[in-house]
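**Q** If you scroll down you'll find the structure; I have some questions about it.
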Amino acid sequence: MPTRKLPDDPNLDHLRQQAKTLLKQVRADDPGALALAEEFHPVATLADAQLVIARSYGFPSWPRLVRHLELVDRYSRSPHRQTIGGPLDTPAQRADEFLRLATLHYGQDDPARQHAARKLLDDHPDVALSNIYTLVVAGRVEAVRAELQRSPGLAVREGGPYRWQPLLYLTYSRLDVGRTAAVEVAKLLLEHGADPNAGYLWQGLPSPFTAVTGVFGRGEGDQPPHPNRGELAQLLLEAGADPNDSQTMYNCGPGCPPPYDDEHLELLLEFGLGHGDGGPWHERLTVAHPTPRQLVEDELVFASSEGLLHRVELVLAAGVDPEGRGTEHPIFCGHRAYELAAVLGHEEVAALLLEKGAAPLDDVHELFAAVMRGESVDGVDPDLARRAVQRNPYLPIRAAQKGRTSALRLLQQLGFDLNVQALTTPLHDAAFHGHLDTVRELVALGADPARRDPMYNGTPRNWAEHNHQQEVVDYLSTLDPVT
């Protein structure tokens with residue numbers, strides 16, 4: 001397993017500099033550099049340092065890391081960085097604007113964009129006829145058929161503002177073109193050689209946004225699925241799309257807010273999710289991309305943490321190891337599915353996991369579960385309390401996220417820091433989810449309402465504003481007008 005992940009938009013020159021710096025540090029007997037060399041490979045030359053850097057990111061060699069960066073450069077796209085509202089004086093400008101407005105780009109997506117795309121099309125009907133990409137998005141079935149008959153290679157040609165294949169524009173489009181047009185266009189593209197595994201790397205991140213990903217939508221901005229998601233997904237999978245789609249699993253799981261539905265999971269499991277070699281994207285990305293087994297184990301851990309009984313039943317029925325930890329995503333702090341279900345009080349899920357062979361809780365997790373139930377911690381052995389904090393110092397974040405107000409004072413009594421910061425603090429999470437009582441209790445116990453998160457530089461009040469939690473916004477506004 002890699003000890004760290006590559007940065008966004010990974011850069012070879014930056015990694016070369018890391019290797020040069022490591023070599024200098026080793027020669028200067030820097031303790032951190034020496035520890036890194038001891039773990040991965042002795043460092044005497046620049047080539048040695050490059051090998052250590054590669055292995056620290058999970059790659060077996062420097063050439064394999066370089067090859068990965070070449071692939072990232074080839075497939076990386078940043079559609080969210082493209083602006084709208086520019087000049088519309090020429091047919092080409094109008095065509096690109098139409099495509100930008102009609103499709104999801106996973107930046108600041110807004111339903112108003114699709115309305116603007118429709119208005120642009122109404123004002124300039126010829127926009128739909130501009131090229132294969134606009135024809136596809138506009139759902140012009142017969143025109144697409146005619147174009148592909150004249151030039152079948154158009155089905156796989158990258159172009160338009162995002163340098164996507166036509167199939168991606170279709171599956172990421174949210175323009176209403178009627179009940180059947182998108183499915184008919186997809187069939188035509190696939191019949192003429194479109195790649196059902198077409199996709200791109202969003203800003204270079206190693207989780208491909210595929211055609212299947214586009215169909216199911218959702219994600220951190222809770223983008224809508226395609227109106228024909230079931231039919232289109234079935235069509236793509238029957239045509240050879242690999243069901244081990246990591247971004248779909250994230251977007252419809254930990255990457256989106258509730259409520260959750262299981263349509264994507266049922267269909268992907270039917271077509272072999274959790275099995276096979278992972279498809280062309282796993283072959284390209286190798287160690288930077290989860291294996292099929294890791295994907296379904298991650299799903300089990302996530303579903304157990306949320307108490308999603310039907311999801312847990314689905315993945316266990318597919319033969320998933322109830323003890324599997326998947327990629328051990330940091331958000332779950334290394335905990336097993338059963339530990340998360342039991343600690344968070346999801347009794348039916350916990351009972352099912354035990355029935356399927358999950359190991360029982362140890363003394364630390366028994367304490368976690370008692371605290372989350374609001375039970376007294378008077379008389380808890382100090383050594384057990386110390387081990388509990390050491391095991392998961394971020395438990396207050398999970399308690400705040402779930403609105404377990406009664407657990408907060410107990411956690412503080414055990415020695416947990418209620419200002420602990422990962423990507424968020426407990427107060428950020430409580431504010432975001434609108435748990436007003438939890439927010440009040442955290443502030444009363446000393447949580448800092450002026451603390452800013454490291455990713456967005458936002459205060460808890462900013463997070464509440466972003467998620468439209470007005471009661472929390474009003475309360476936090478009374479504490480300090482600048483927070």
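Residues are referred to by chain and number: the chain letter is A, B, ... according to the order shown in the structure tokens, the number counts from 1 in that chain, and ligands are numbered separately from 1 in the order shown.
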Determine, counting only C-alpha atoms, which protein, DNA and RNA residues have an atom within 8 Å of an atom of Ala431 of chain A; residues of the same chain fewer than 5 positions away are not included. Present the result as a ChimeraX atom specification.
**A** /A:436,439,460-461,463-464,469,472-473
**Q** Any chance you could list, as a PyMOL selection string, the residues in segment 215-371 of chain A that come up alpha helix (DSSP H) when DSSP is run on the backbone?
**A** chain A and resi 215-216+229-238+246-251+263-270+279-285+292-306+309-317+337-343+347-355+363-371
**Q** Between A:Tyr456, A:Tyr475, A:Tyr250, A:Phe209, which has the minimum distance to Thr438 of chain A (counting only C-alpha atoms)?
**A**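 For Thr438 of chain A, the nearest of the candidates is A:Tyr475.
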**Q** Between A:Asp13, A:Asp89, A:Glu147, A:Glu220, which is the closest to His192 of chain A once you count only C-alpha atoms?
**A**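 Among the listed residues, A:Glu147 lies closest to His192 of chain A.
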**Q** Have a look at atom CA of Asp29 of chain A and atom CA of Asn11 of chain A and let me know their distance in Å, one decimal.
**A**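 According to the coordinates, atom CA of Asp29 of chain A and atom CA of Asn11 of chain A are separated by 27.0 Å.
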**Q** Nearest to Tyr75 of chain A: which of A:Val349, A:Leu170, A:Leu285, A:Ala128 is it, counting only C-alpha atoms?
**A**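 Using only C-alpha atoms, the shortest distance to Tyr75 of chain A belongs to A:Leu285.
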**Q** Using only C-alpha atoms, which of the listed residues (A:Asn228, A:Thr210, A:Ser151, A:Thr286) sits closest to Ala182 of chain A?
**A**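 The closest residue to Ala182 of chain A is A:Asn228.
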**Q** Work out how far atom CA of Pro87 of chain A is from atom CA of Asp126 of chain A, in Å to one decimal.
**A**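 The value is 16.9 Å.
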**Q** Would you mind listing what lies within 10 Å of His310 of chain A as a ChimeraX atom specification, with only C-alpha atoms counted and same-chain residues fewer than 3 positions away left out?
**A** /A:261-262,303,307,313-316,349
